[in-house]
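Participant: Below is the file target-v5.pdb, with PDB, N, CA and C atoms.
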ATOM      1  N   MET A   7      12.489   0.209  27.603
ATOM      2  CA  MET A   7      11.700  -0.119  26.430
ATOM      3  C   MET A   7      10.244  -0.313  26.853
ATOM      4  N   SER A   8       9.359   0.174  26.032
ATOM      5  CA  SER A   8       7.944   0.028  26.350
ATOM      6  C   SER A   8       7.525  -1.430  26.198
ATOM      7  N   SER A   9       6.400  -1.766  26.791
ATOM      8  CA  SER A   9       5.925  -3.135  26.675
ATOM      9  C   SER A   9       5.496  -3.395  25.231
ATOM     10  N   THR A  10       5.709  -4.613  24.803
ATOM     11  CA  THR A  10       5.374  -4.977  23.436
ATOM     12  C   THR A  10       4.453  -6.181  23.439
ATOM     13  N   SER A  11       3.746  -6.358  22.356
ATOM     14  CA  SER A  11       2.821  -7.481  22.233
ATOM     15  C   SER A  11       3.585  -8.775  21.938
ATOM     16  N   GLN A  12       2.910  -9.875  22.123
ATOM     17  CA  GLN A  12       3.495 -11.172  21.765
ATOM     18  C   GLN A  12       3.789 -11.208  20.277
ATOM     19  N   LYS A  13       2.912 -10.627  19.472
ATOM     20  CA  LYS A  13       3.109 -10.575  18.027
ATOM     21  C   LYS A  13       4.413  -9.842  17.703
ATOM     22  N   HIS A  14       4.648  -8.721  18.383
ATOM     23  CA  HIS A  14       5.880  -7.953  18.202
ATOM     24  C   HIS A  14       7.094  -8.806  18.570
ATOM     25  N   ARG A  15       7.050  -9.409  19.736
ATOM     26  CA  ARG A  15       8.183 -10.223  20.197
ATOM     27  C   ARG A  15       8.454 -11.390  19.247
ATOM     28  N   ASN A  16       7.412 -12.023  18.747
ATOM     29  CA  ASN A  16       7.585 -13.137  17.801
ATOM     30  C   ASN A  16       8.245 -12.659  16.517
ATOM     31  N   PHE A  17       7.822 -11.502  16.021
ATOM     32  CA  PHE A  17       8.359 -10.995  14.764
ATOM     33  C   PHE A  17       9.842 -10.662  14.903
ATOM     34  N   VAL A  18      10.194 -10.005  15.999
ATOM     35  CA  VAL A  18      11.568  -9.540  16.207
ATOM     36  C   VAL A  18      12.508 -10.690  16.571
ATOM     37  N   ALA A  19      11.967 -11.821  16.957
ATOM     38  CA  ALA A  19      12.776 -12.939  17.445
ATOM     39  C   ALA A  19      13.493 -13.716  16.350
ATOM     40  N   GLU A  20      13.139 -13.505  15.080
ATOM     41  CA  GLU A  20      13.734 -14.321  14.022
ATOM     42  C   GLU A  20      13.825 -13.549  12.715
ATOM     43  N   PRO A  21      14.639 -14.042  11.774
ATOM     44  CA  PRO A  21      14.732 -13.394  10.465
ATOM     45  C   PRO A  21      13.360 -13.287   9.790
ATOM     46  N   MET A  22      13.220 -12.299   8.926
ATOM     47  CA  MET A  22      11.928 -11.993   8.321
ATOM     48  C   MET A  22      11.484 -13.031   7.295
ATOM     49  N   GLY A  23      12.388 -13.463   6.441
ATOM     50  CA  GLY A  23      12.031 -14.441   5.415
ATOM     51  C   GLY A  23      10.833 -13.990   4.590
ATOM     52  N   GLU A  24       9.887 -14.879   4.432
ATOM     53  CA  GLU A  24       8.696 -14.625   3.610
ATOM     54  C   GLU A  24       7.455 -14.343   4.448
ATOM     55  N   LYS A  25       7.633 -13.767   5.631
ATOM     56  CA  LYS A  25       6.489 -13.512   6.504
ATOM     57  C   LYS A  25       5.464 -12.620   5.824
ATOM     58  N   GLU A  26       4.212 -12.926   6.084
ATOM     59  CA  GLU A  26       3.112 -12.124   5.557
ATOM     60  C   GLU A  26       3.088 -10.766   6.247
ATOM     61  N   VAL A  27       2.520  -9.790   5.585
ATOM     62  CA  VAL A  27       2.437  -8.444   6.142
ATOM     63  C   VAL A  27       1.664  -8.445   7.463
ATOM     64  N   THR A  28       0.707  -9.339   7.617
ATOM     65  CA  THR A  28      -0.098  -9.390   8.839
ATOM     66  C   THR A  28       0.684  -9.910  10.045
ATOM     67  N   GLU A  29       1.892 -10.383   9.837
ATOM     68  CA  GLU A  29       2.716 -10.814  10.967
ATOM     69  C   GLU A  29       3.422  -9.645  11.638
ATOM     70  N   LEU A  30       3.365  -8.464  11.013
ATOM     71  CA  LEU A  30       3.914  -7.255  11.636
ATOM     72  C   LEU A  30       3.006  -6.805  12.764
ATOM     73  N   ALA A  31       3.594  -6.362  13.863
ATOM     74  CA  ALA A  31       2.796  -5.798  14.955
ATOM     75  C   ALA A  31       2.017  -4.599  14.421
ATOM     76  N   GLY A  32       0.769  -4.476  14.844
ATOM     77  CA  GLY A  32      -0.077  -3.367  14.422
ATOM     78  C   GLY A  32      -0.843  -3.613  13.137
ATOM     79  N   ILE A  33      -0.515  -4.683  12.420
ATOM     80  CA  ILE A  33      -1.170  -4.966  11.136
ATOM     81  C   ILE A  33      -2.034  -6.207  11.276
ATOM     82  N   GLY A  34      -3.339  -6.004  11.287
ATOM     83  CA  GLY A  34      -4.288  -7.109  11.351
ATOM     84  C   GLY A  34      -4.818  -7.433   9.971
ATOM     85  N   PRO A  35      -5.882  -8.221   9.901
ATOM     86  CA  PRO A  35      -6.427  -8.646   8.607
ATOM     87  C   PRO A  35      -6.905  -7.484   7.726
ATOM     88  N   VAL A  36      -7.557  -6.489   8.309
ATOM     89  CA  VAL A  36      -8.089  -5.381   7.504
ATOM     90  C   VAL A  36      -6.952  -4.555   6.905
ATOM     91  N   LEU A  37      -6.023  -4.120   7.747
ATOM     92  CA  LEU A  37      -4.884  -3.353   7.227
ATOM     93  C   LEU A  37      -4.039  -4.218   6.300
ATOM     94  N   GLY A  38      -3.909  -5.486   6.628
ATOM     95  CA  GLY A  38      -3.155  -6.402   5.773
ATOM     96  C   GLY A  38      -3.746  -6.484   4.379
ATOM     97  N   ASP A  39      -5.066  -6.573   4.290
ATOM     98  CA  ASP A  39      -5.730  -6.608   2.979
ATOM     99  C   ASP A  39      -5.517  -5.309   2.222
ATOM    100  N   ARG A  40      -5.614  -4.181   2.925
ATOM    101  CA  ARG A  40      -5.406  -2.880   2.274
ATOM    102  C   ARG A  40      -3.981  -2.758   1.751
ATOM    103  N   LEU A  41      -3.022  -3.177   2.555
ATOM    104  CA  LEU A  41      -1.627  -3.108   2.118
ATOM    105  C   LEU A  41      -1.371  -4.075   0.962
ATOM    106  N   SER A  42      -1.891  -5.288   1.063
ATOM    107  CA  SER A  42      -1.698  -6.280   0.001
ATOM    108  C   SER A  42      -2.259  -5.794  -1.325
ATOM    109  N   SER A  43      -3.410  -5.143  -1.276
ATOM    110  CA  SER A  43      -4.033  -4.659  -2.509
ATOM    111  C   SER A  43      -3.207  -3.559  -3.176
ATOM    112  N   LYS A  44      -2.280  -2.975  -2.410
ATOM    113  CA  LYS A  44      -1.409  -1.924  -2.950
ATOM    114  C   LYS A  44       0.010  -2.440  -3.183
ATOM    115  N   GLY A  45       0.172  -3.756  -3.149
ATOM    116  CA  GLY A  45       1.458  -4.369  -3.463
ATOM    117  C   GLY A  45       2.345  -4.653  -2.269
ATOM    118  N   PHE A  46       1.905  -4.319  -1.071
ATOM    119  CA  PHE A  46       2.687  -4.546   0.139
ATOM    120  C   PHE A  46       2.197  -5.812   0.839
ATOM    121  N   ASP A  47       2.407  -6.961   0.184
ATOM    122  CA  ASP A  47       1.845  -8.224   0.665
ATOM    123  C   ASP A  47       2.751  -8.978   1.638
ATOM    124  N   LYS A  48       4.011  -8.634   1.672
ATOM    125  CA  LYS A  48       4.964  -9.314   2.550
ATOM    126  C   LYS A  48       5.581  -8.293   3.499
ATOM    127  N   ALA A  49       6.005  -8.776   4.651
ATOM    128  CA  ALA A  49       6.628  -7.890   5.633
ATOM    129  C   ALA A  49       7.866  -7.218   5.062
ATOM    130  N   TYR A  50       8.634  -7.929   4.232
ATOM    131  CA  TYR A  50       9.859  -7.333   3.688
ATOM    132  C   TYR A  50       9.577  -6.182   2.730
ATOM    133  N   VAL A  51       8.396  -6.157   2.103
ATOM    134  CA  VAL A  51       8.047  -5.039   1.228
ATOM    135  C   VAL A  51       7.767  -3.792   2.068
ATOM    136  N   VAL A  52       7.093  -3.979   3.201
ATOM    137  CA  VAL A  52       6.858  -2.865   4.133
ATOM    138  C   VAL A  52       8.197  -2.422   4.736
ATOM    139  N   LEU A  53       9.082  -3.367   5.033
ATOM    140  CA  LEU A  53      10.415  -3.014   5.513
ATOM    141  C   LEU A  53      11.130  -2.141   4.485
ATOM    142  N   GLY A  54      10.987  -2.464   3.215
ATOM    143  CA  GLY A  54      11.605  -1.650   2.167
ATOM    144  C   GLY A  54      11.126  -0.216   2.220
ATOM    145  N   GLN A  55       9.839  -0.016   2.397
ATOM    146  CA  GLN A  55       9.296   1.338   2.500
ATOM    147  C   GLN A  55       9.824   2.025   3.764
ATOM    148  N   PHE A  56       9.895   1.286   4.844
ATOM    149  CA  PHE A  56      10.440   1.787   6.108
ATOM    150  C   PHE A  56      11.875   2.294   5.897
ATOM    151  N   LEU A  57      12.668   1.539   5.151
ATOM    152  CA  LEU A  57      14.053   1.929   4.902
ATOM    153  C   LEU A  57      14.143   3.094   3.916
ATOM    154  N   VAL A  58      13.282   3.105   2.897
ATOM    155  CA  VAL A  58      13.251   4.234   1.949
ATOM    156  C   VAL A  58      12.965   5.540   2.698
ATOM    157  N   LEU A  59      12.120   5.447   3.715
ATOM    158  CA  LEU A  59      11.791   6.620   4.531
ATOM    159  C   LEU A  59      12.818   6.847   5.640
ATOM    160  N   LYS A  60      13.962   6.169   5.526
ATOM    161  CA  LYS A  60      15.107   6.330   6.432
ATOM    162  C   LYS A  60      14.765   6.074   7.896
ATOM    163  N   LYS A  61      13.853   5.132   8.125
ATOM    164  CA  LYS A  61      13.436   4.716   9.466
ATOM    165  C   LYS A  61      12.796   5.856  10.261
ATOM    166  N   ASN A  62      12.384   6.907   9.580
ATOM    167  CA  ASN A  62      11.785   8.075  10.235
ATOM    168  C   ASN A  62      10.387   7.738  10.732
ATOM    169  N   LYS A  63      10.195   7.857  12.039
ATOM    170  CA  LYS A  63       8.922   7.459  12.653
ATOM    171  C   LYS A  63       7.744   8.252  12.096
ATOM    172  N   GLU A  64       7.862   9.561  12.058
ATOM    173  CA  GLU A  64       6.754  10.396  11.598
ATOM    174  C   GLU A  64       6.407  10.123  10.133
ATOM    175  N   LEU A  65       7.419  10.046   9.271
ATOM    176  CA  LEU A  65       7.166   9.780   7.855
ATOM    177  C   LEU A  65       6.535   8.406   7.647
ATOM    178  N   PHE A  66       7.055   7.389   8.359
ATOM    179  CA  PHE A  66       6.516   6.038   8.205
ATOM    180  C   PHE A  66       5.080   5.959   8.707
ATOM    181  N   MET A  67       4.835   6.551   9.858
ATOM    182  CA  MET A  67       3.471   6.516  10.406
ATOM    183  C   MET A  67       2.500   7.232   9.469
ATOM    184  N   ASP A  68       2.897   8.372   8.925
ATOM    185  CA  ASP A  68       2.041   9.081   7.964
ATOM    186  C   ASP A  68       1.800   8.227   6.726
ATOM    187  N   TRP A  69       2.847   7.573   6.234
ATOM    188  CA  TRP A  69       2.705   6.716   5.060
ATOM    189  C   TRP A  69       1.704   5.589   5.338
ATOM    190  N   LEU A  70       1.831   4.940   6.498
ATOM    191  CA  LEU A  70       0.953   3.811   6.830
ATOM    192  C   LEU A  70      -0.492   4.275   7.012
ATOM    193  N   LYS A  71      -0.671   5.445   7.604
ATOM    194  CA  LYS A  71      -2.020   5.996   7.767
ATOM    195  C   LYS A  71      -2.625   6.315   6.401
ATOM    196  N   ASP A  72      -1.830   6.949   5.534
ATOM    197  CA  ASP A  72      -2.329   7.334   4.203
ATOM    198  C   ASP A  72      -2.553   6.131   3.295
ATOM    199  N   THR A  73      -1.677   5.146   3.370
ATOM    200  CA  THR A  73      -1.733   3.996   2.471
ATOM    201  C   THR A  73      -2.779   2.969   2.881
ATOM    202  N   ALA A  74      -2.881   2.718   4.184
ATOM    203  CA  ALA A  74      -3.743   1.623   4.648
ATOM    204  C   ALA A  74      -4.825   2.067   5.619
ATOM    205  N   GLY A  75      -4.847   3.343   5.980
ATOM    206  CA  GLY A  75      -5.854   3.809   6.930
ATOM    207  C   GLY A  75      -5.572   3.396   8.356
ATOM    208  N   ALA A  76      -4.299   3.182   8.680
ATOM    209  CA  ALA A  76      -3.933   2.788  10.038
ATOM    210  C   ALA A  76      -4.203   3.922  11.019
ATOM    211  N   ASN A  77      -4.545   3.563  12.242
ATOM    212  CA  ASN A  77      -4.665   4.595  13.275
ATOM    213  C   ASN A  77      -3.282   4.817  13.904
ATOM    214  N   VAL A  78      -3.200   5.769  14.813
ATOM    215  CA  VAL A  78      -1.907   6.137  15.401
ATOM    216  C   VAL A  78      -1.272   4.952  16.122
ATOM    217  N   LYS A  79      -2.045   4.203  16.908
ATOM    218  CA  LYS A  79      -1.482   3.066  17.650
ATOM    219  C   LYS A  79      -0.971   1.995  16.698
ATOM    220  N   GLN A  80      -1.742   1.667  15.675
ATOM    221  CA  GLN A  80      -1.317   0.650  14.710
ATOM    222  C   GLN A  80      -0.025   1.072  14.021
ATOM    223  N   ALA A  81       0.027   2.334  13.592
ATOM    224  CA  ALA A  81       1.208   2.839  12.898
ATOM    225  C   ALA A  81       2.421   2.855  13.822
ATOM    226  N   ARG A  82       2.221   3.263  15.069
ATOM    227  CA  ARG A  82       3.325   3.291  16.044
ATOM    228  C   ARG A  82       3.829   1.878  16.320
ATOM    229  N   ASP A  83       2.906   0.930  16.512
ATOM    230  CA  ASP A  83       3.297  -0.455  16.784
ATOM    231  C   ASP A  83       4.087  -1.049  15.620
ATOM    232  N   CYS A  84       3.642  -0.777  14.401
ATOM    233  CA  CYS A  84       4.330  -1.305  13.227
ATOM    234  C   CYS A  84       5.719  -0.681  13.107
ATOM    235  N   HIS A  85       5.814   0.623  13.299
ATOM    236  CA  HIS A  85       7.123   1.288  13.243
ATOM    237  C   HIS A  85       8.068   0.707  14.285
ATOM    238  N   GLN A  86       7.589   0.540  15.516
ATOM    239  CA  GLN A  86       8.445   0.017  16.577
ATOM    240  C   GLN A  86       8.895  -1.403  16.274
ATOM    241  N   CYS A  87       8.003  -2.185  15.715
ATOM    242  CA  CYS A  87       8.320  -3.568  15.350
ATOM    243  C   CYS A  87       9.448  -3.600  14.313
ATOM    244  N   LEU A  88       9.321  -2.800  13.260
ATOM    245  CA  LEU A  88      10.346  -2.774  12.222
ATOM    246  C   LEU A  88      11.650  -2.178  12.744
ATOM    247  N   SER A  89      11.554  -1.158  13.567
ATOM    248  CA  SER A  89      12.742  -0.536  14.149
ATOM    249  C   SER A  89      13.508  -1.537  15.013
ATOM    250  N   ASP A  90      12.793  -2.258  15.856
ATOM    251  CA  ASP A  90      13.421  -3.275  16.705
ATOM    252  C   ASP A  90      14.017  -4.413  15.875
ATOM    253  N   TRP A  91      13.306  -4.809  14.816
ATOM    254  CA  TRP A  91      13.807  -5.872  13.952
ATOM    255  C   TRP A  91      15.118  -5.431  13.306
ATOM    256  N   CYS A  92      15.179  -4.189  12.834
ATOM    257  CA  CYS A  92      16.396  -3.673  12.198
ATOM    258  C   CYS A  92      17.558  -3.642  13.198
ATOM    259  N   GLU A  93      17.273  -3.244  14.428
ATOM    260  CA  GLU A  93      18.334  -3.229  15.444
ATOM    261  C   GLU A  93      18.891  -4.634  15.668
ATOM    262  N   GLU A  94      18.036  -5.615  15.562
ATOM    263  CA  GLU A  94      18.438  -6.992  15.817
ATOM    264  C   GLU A  94      19.164  -7.619  14.626
ATOM    265  N   PHE A  95      18.721  -7.300  13.401
ATOM    266  CA  PHE A  95      19.198  -8.050  12.229
ATOM    267  C   PHE A  95      19.981  -7.250  11.187
ATOM    268  N   LEU A  96      19.938  -5.925  11.247
ATOM    269  CA  LEU A  96      20.693  -5.147  10.246
ATOM    270  C   LEU A  96      21.966  -4.598  10.832
TER     271      LEU A  96
END
Would you mind giving the structure from this file in structure tokens?
Facilitator:
Amino acid sequence: MSSTSQKHRNFVAEPMGEKEVTELAGIGPVLGDRLSSKGFDKAYVVLGQFLVLKKNKELFMDWLKDTAGANVKQARDCHQCLSDWCEEFL
């Protein structure tokens, strides 16, 4: 497994609950504001989109880039975070 950030490890370590979208790895304040303004204010709402896209890395990364202007690293980090969370909790 590739190295992950502390933010990633913290997110994957526990159930999602009502975590803010900015608690996802790869999502900082700017992307968080962009996502929130489009209705993706909680991590579980982004998880829903991740699942609708059938956990497909390319589709999810394209969606995040198109929706919030994420760069490749941000989109990859967010996808990996959600993928790891699903492996742990779903």
Participant: Kindly give the distance, in Å, that separates atom C of A:Leu41 and atom N of A:Ser9, rounded to a single decimal.
Facilitator: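 Computed distance, atom C of A:Leu41 to atom N of A:Ser9, equals 27.1 Å.
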Participant: Box time for stretch 22-30 of chain A: axis-aligned, enclosing all its listed atoms, 3 Å extra on each side; report centre and edge lengths in Å to one decimal, as JSON.
Facilitator:
{"center_x": 6.6, "center_y": -10.8, "center_z": 8.2, "size_x": 19.3, "size_y": 14.1, "size_z": 15.2}
Participant: Which parts of chain A does DSSP call helix (DSSP H, G or I) when run on the backbone here, written out as JSON, numbers by chain?
Facilitator: {"A": [12, 13, 14, 15, 16, 17, 18, 27, 28, 29, 35, 36, 37, 38, 39, 40, 41, 42, 43, 49, 50, 51, 52, 53, 54, 55, 56, 57, 58, 63, 64, 65, 66, 67, 68, 69, 70, 71, 72, 73, 74, 78, 79, 80, 81, 82, 83, 84, 85, 86, 87, 88, 89, 90, 91, 92, 93, 94, 95]}
Participant: Decode the PyMOL selection byres ((chain A and resi 81-96) around 6) for the given file into explicit residues and return them as an mmCIF file with N, CA and C atoms, in the frame of the given file.
Facilitator:
data_model
loop_
_atom_site.group_PDB
_atom_site.id
_atom_site.type_symbol
_atom_site.label_atom_id
_atom_site.label_comp_id
_atom_site.auth_asym_id
_atom_site.auth_seq_id
_atom_site.Cartn_x
_atom_site.Cartn_y
_atom_site.Cartn_z
ATOM 1 N N HIS A 14 4.648 -8.721 18.383
ATOM 2 C CA HIS A 14 5.880 -7.953 18.202
ATOM 3 C C HIS A 14 7.094 -8.806 18.570
ATOM 4 N N VAL A 18 10.194 -10.005 15.999
ATOM 5 C CA VAL A 18 11.568 -9.540 16.207
ATOM 6 C C VAL A 18 12.508 -10.690 16.571
ATOM 7 N N LEU A 30 3.365 -8.464 11.013
ATOM 8 C CA LEU A 30 3.914 -7.255 11.636
ATOM 9 C C LEU A 30 3.006 -6.805 12.764
ATOM 10 N N ALA A 31 3.594 -6.362 13.863
ATOM 11 C CA ALA A 31 2.796 -5.798 14.955
ATOM 12 C C ALA A 31 2.017 -4.599 14.421
ATOM 13 N N GLY A 32 0.769 -4.476 14.844
ATOM 14 C CA GLY A 32 -0.077 -3.367 14.422
ATOM 15 C C GLY A 32 -0.843 -3.613 13.137
ATOM 16 N N ILE A 33 -0.515 -4.683 12.420
ATOM 17 C CA ILE A 33 -1.170 -4.966 11.136
ATOM 18 C C ILE A 33 -2.034 -6.207 11.276
ATOM 19 N N MET A 67 4.835 6.551 9.858
ATOM 20 C CA MET A 67 3.471 6.516 10.406
ATOM 21 C C MET A 67 2.500 7.232 9.469
ATOM 22 N N ALA A 76 -4.299 3.182 8.680
ATOM 23 C CA ALA A 76 -3.933 2.788 10.038
ATOM 24 C C ALA A 76 -4.203 3.922 11.019
ATOM 25 N N ASN A 77 -4.545 3.563 12.242
ATOM 26 C CA ASN A 77 -4.665 4.595 13.275
ATOM 27 C C ASN A 77 -3.282 4.817 13.904
ATOM 28 N N VAL A 78 -3.200 5.769 14.813
ATOM 29 C CA VAL A 78 -1.907 6.137 15.401
ATOM 30 C C VAL A 78 -1.272 4.952 16.122
ATOM 31 N N LYS A 79 -2.045 4.203 16.908
ATOM 32 C CA LYS A 79 -1.482 3.066 17.650
ATOM 33 C C LYS A 79 -0.971 1.995 16.698
ATOM 34 N N GLN A 80 -1.742 1.667 15.675
ATOM 35 C CA GLN A 80 -1.317 0.650 14.710
ATOM 36 C C GLN A 80 -0.025 1.072 14.021
#
Participant: Record the distance separating atom C of A:Lys48 and atom C of A:Lys25, expressed in Å with one decimal.
Facilitator: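 Those two atoms sit 4.9 Å apart.
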Participant: Go ahead and find all residues with at least one atom no further than 6 Å from (2.1, -8.3, 6.0) in the file's coordinates, using all atoms listed in the file; report them as number ranges by chain.
Facilitator: A: 25-30, 38, 46-49
Participant: Quick one: distance from atom C of A:Ser43 to atom CA of A:Gly75 in Å, one decimal?
Facilitator: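 Distance reported for this atom pair: 12.8 Å.
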